[in-house]
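S.K.: Below is the structure I would like to discuss, written out as structure tokens.
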Amino acid sequence: GDNQMLPQQVVKVLLKLVAAVQSGDESLLKEYEMTDMNYLVDPLKALMEKGGDVPTKSTFAFPSDATAKDFMDIPTLLAAFQHRSACLLLDVAMQLQSSMGTSSAQQAWNDALLAMARASRAHASYLLLRDFFNGLRDEEQKGKGSCLGPEEGTVL
């Protein structure tokens with residue numbers, strides 16, 4: 001039960017953010033500034049046409065000359081995870097909108113459950129990577145007061 005309900009509840013809240021971005025109402029978007037969802041505002045705006053709900057061509061791409069080292073760069077990974085989360089969330093919103101026209105709200109919701117699980121997992125993955133990175137950075141800044149030794153910091 002919980003394994004299915006939690007992703008649905010996460011996506012239900014994230015869909016409110018999609019609606020706020022679609023509306024273009026800055027006062028609505030300000031409500032999300034101090035939340036963990038704030039990272040999605042810019043990518044969602046970039047994926048949607050101005051004032052519409054139709055996604056445009058993807059705005060994220062690794063350079064064609066990217067190396068394996070580039071894929072280990074945390075800010076690059078964060079950007080990729082951020083983009084993935086926004087794309088999957090937008091997919092859920094579009095799937096729900098298109099299904100609502102042909103079936104009941106309950107059926108549309110049920111049809112989107114797999115997409116919701118993917119979007120929820122992508123959101124959680126971004127938050128996990130971001131918080132892990134921030135935690136390591138905070139420990140590095142503590143220096144000798146850190147709970148991590150130099151060897152552990154190097155490995156992580």
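Residue names in the structure tokens use chain letters A, B, ... in the order shown, residue numbers from 1 in each chain, and ligand numbers from 1 in the order shown.
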Applying 9 Å and only C-alpha atoms, which residues near A:Leu129 remain after dropping the ones on its own chain fewer than 2 positions away? List them as a list of chain:residue names.

M.R.: A:Ile74, A:Leu77, A:Leu78, A:Phe81, A:Ala124, A:Ser125, A:Tyr126, A:Leu127, A:Asp131, A:Phe132, A:Phe133, A:Asn134

S.K.: Residues of the last selection are to be written out with N, CA, C and O atoms, as a CSV table (one decimal), in the first residue's frame.

M.R.:
chain,number,residue,atom,x,y,z
A,74,ILE,N,29.7,16.5,-10.3
A,74,ILE,CA,28.4,16.5,-9.5
A,74,ILE,C,27.5,17.6,-10.0
A,74,ILE,O,26.3,17.4,-10.2
A,77,LEU,N,25.9,16.2,-13.1
A,77,LEU,CA,24.9,15.2,-12.7
A,77,LEU,C,23.6,15.8,-12.1
A,77,LEU,O,22.5,15.3,-12.4
A,78,LEU,N,23.8,16.8,-11.3
A,78,LEU,CA,22.6,17.5,-10.7
A,78,LEU,C,21.7,18.1,-11.8
A,78,LEU,O,20.5,18.0,-11.7
A,81,PHE,N,19.9,15.2,-13.5
A,81,PHE,CA,18.9,14.6,-12.6
A,81,PHE,C,17.7,15.6,-12.6
A,81,PHE,O,16.5,15.2,-12.5
A,124,ALA,N,13.0,12.0,-6.0
A,124,ALA,CA,13.7,11.5,-4.8
A,124,ALA,C,15.2,11.3,-5.2
A,124,ALA,O,16.1,11.7,-4.3
A,125,SER,N,15.5,10.9,-6.3
A,125,SER,CA,16.9,10.7,-6.7
A,125,SER,C,17.7,12.0,-6.8
A,125,SER,O,18.8,12.1,-6.3
A,126,TYR,N,17.0,13.0,-7.3
A,126,TYR,CA,17.6,14.4,-7.4
A,126,TYR,C,17.9,14.9,-6.0
A,126,TYR,O,19.0,15.3,-5.7
A,127,LEU,N,16.9,14.8,-5.1
A,127,LEU,CA,17.0,15.2,-3.7
A,127,LEU,C,18.1,14.5,-3.0
A,127,LEU,O,18.9,15.1,-2.3
A,131,ASP,N,21.4,16.4,-1.6
A,131,ASP,CA,21.7,16.5,-0.2
A,131,ASP,C,23.0,15.8,0.1
A,131,ASP,O,23.7,16.2,1.0
A,132,PHE,N,23.3,14.7,-0.6
A,132,PHE,CA,24.6,14.0,-0.4
A,132,PHE,C,25.8,14.9,-0.7
A,132,PHE,O,26.7,15.1,0.0
A,133,PHE,N,25.6,15.6,-1.9
A,133,PHE,CA,26.7,16.5,-2.3
A,133,PHE,C,26.8,17.7,-1.3
A,133,PHE,O,27.9,18.1,-0.9
A,134,ASN,N,25.7,18.3,-0.9
A,134,ASN,CA,25.8,19.4,0.1
A,134,ASN,C,26.3,18.9,1.4
A,134,ASN,O,27.1,19.7,2.0

S.K.: Can you pull out the residues contacting stretch 100-117 of chain A? Cut-off 8 Å, using only C-alpha atoms, and skip same-chain residues under 4 positions away; I want them as a list of chain:residue names.

M.R.: A:Gln4, A:Pro7, A:Gln8, A:Val11, A:Leu88, A:Leu89, A:Asp91, A:Val92, A:Gln95, A:Leu96, A:Arg121

S.K.: Those selected residues, please, written with C-alpha atoms and delivered as a PDB file, in the first residue's frame.

M.R.:
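As a result, out39.pdb now contains:
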ATOM      1  CA  GLN A   4       2.118   2.877  -4.165  1.00  0.00           C
ATOM      2  CA  PRO A   7       4.699   8.182  -5.058  1.00  0.00           C
ATOM      3  CA  GLN A   8       1.139   9.206  -5.903  1.00  0.00           C
ATOM      4  CA  VAL A  11       3.358  13.520  -7.730  1.00  0.00           C
ATOM      5  CA  LEU A  88       9.070  12.821 -16.209  1.00  0.00           C
ATOM      6  CA  LEU A  89       6.808  15.124 -14.209  1.00  0.00           C
ATOM      7  CA  ASP A  91       5.034  13.486 -18.966  1.00  0.00           C
ATOM      8  CA  VAL A  92       2.674  12.633 -16.095  1.00  0.00           C
ATOM      9  CA  GLN A  95      -0.687  11.901 -19.826  1.00  0.00           C
ATOM     10  CA  LEU A  96      -3.320  12.914 -17.272  1.00  0.00           C
ATOM     11  CA  ARG A 121      11.639   8.223  -8.073  1.00  0.00           C
TER      12      ARG A 121
END

S.K.: I'd like to know which of A:Ala119, A:Arg130, A:Asp25, A:Glu31 is closest to A:Ala93, using only C-alpha atoms.

M.R.: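 Using only C-alpha atoms, the shortest distance to A:Ala93 belongs to A:Ala119.
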
S.K.: Take atom CA of A:Gln22 and atom CA of A:Lys45 and report the distance between them in Å, one decimal.

M.R.: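 A separation of 7.9 Å between them.
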
S.K.: List every residue of stretch 48-141 of chain A that DSSP, applied to the backbone, labels as alpha helix (DSSP H), and write the result as a ChimeraX atom specification.

M.R.: /A:74-100,105-111,113-141

S.K.: For the atom pair atom CA of A:Leu47 and atom CA of A:Lys69, what is the interatomic distance in Å to one decimal place?

M.R.: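 Taking atom CA of A:Leu47 as the start and atom CA of A:Lys69 as the end point, the length is 27.4 Å.
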
S.K.: Calculated over only C-alpha atoms, which of the candidates A:Met48, A:Val13, A:Ala80, A:Met37 has the smallest distance to A:His123?

M.R.: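 With only C-alpha atoms as the atom set, the closest residue is A:Met37.
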
S.K.: My list of candidates is A:Leu6, A:Ala79, A:Cys87, A:Leu14. Which is closest to A:Thr35 when distances are computed with only C-alpha atoms?

M.R.: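 Looking at the shortest contact to A:Thr35, the residue is A:Leu14.
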
S.K.: Just give me the gap between atom CA of A:Ala46 and atom CA of A:Gly135 in Å, one decimal is fine.

M.R.: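 Rounded to one decimal, the two atoms are 28.7 Å apart.
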
S.K.: Between A:Lys30, A:Arg84, A:Lys16, A:Arg137, which one has atoms that come closest to A:Arg118, using only C-alpha atoms?

M.R.: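 Counting only C-alpha atoms, the residue closest to A:Arg118 is A:Arg84.
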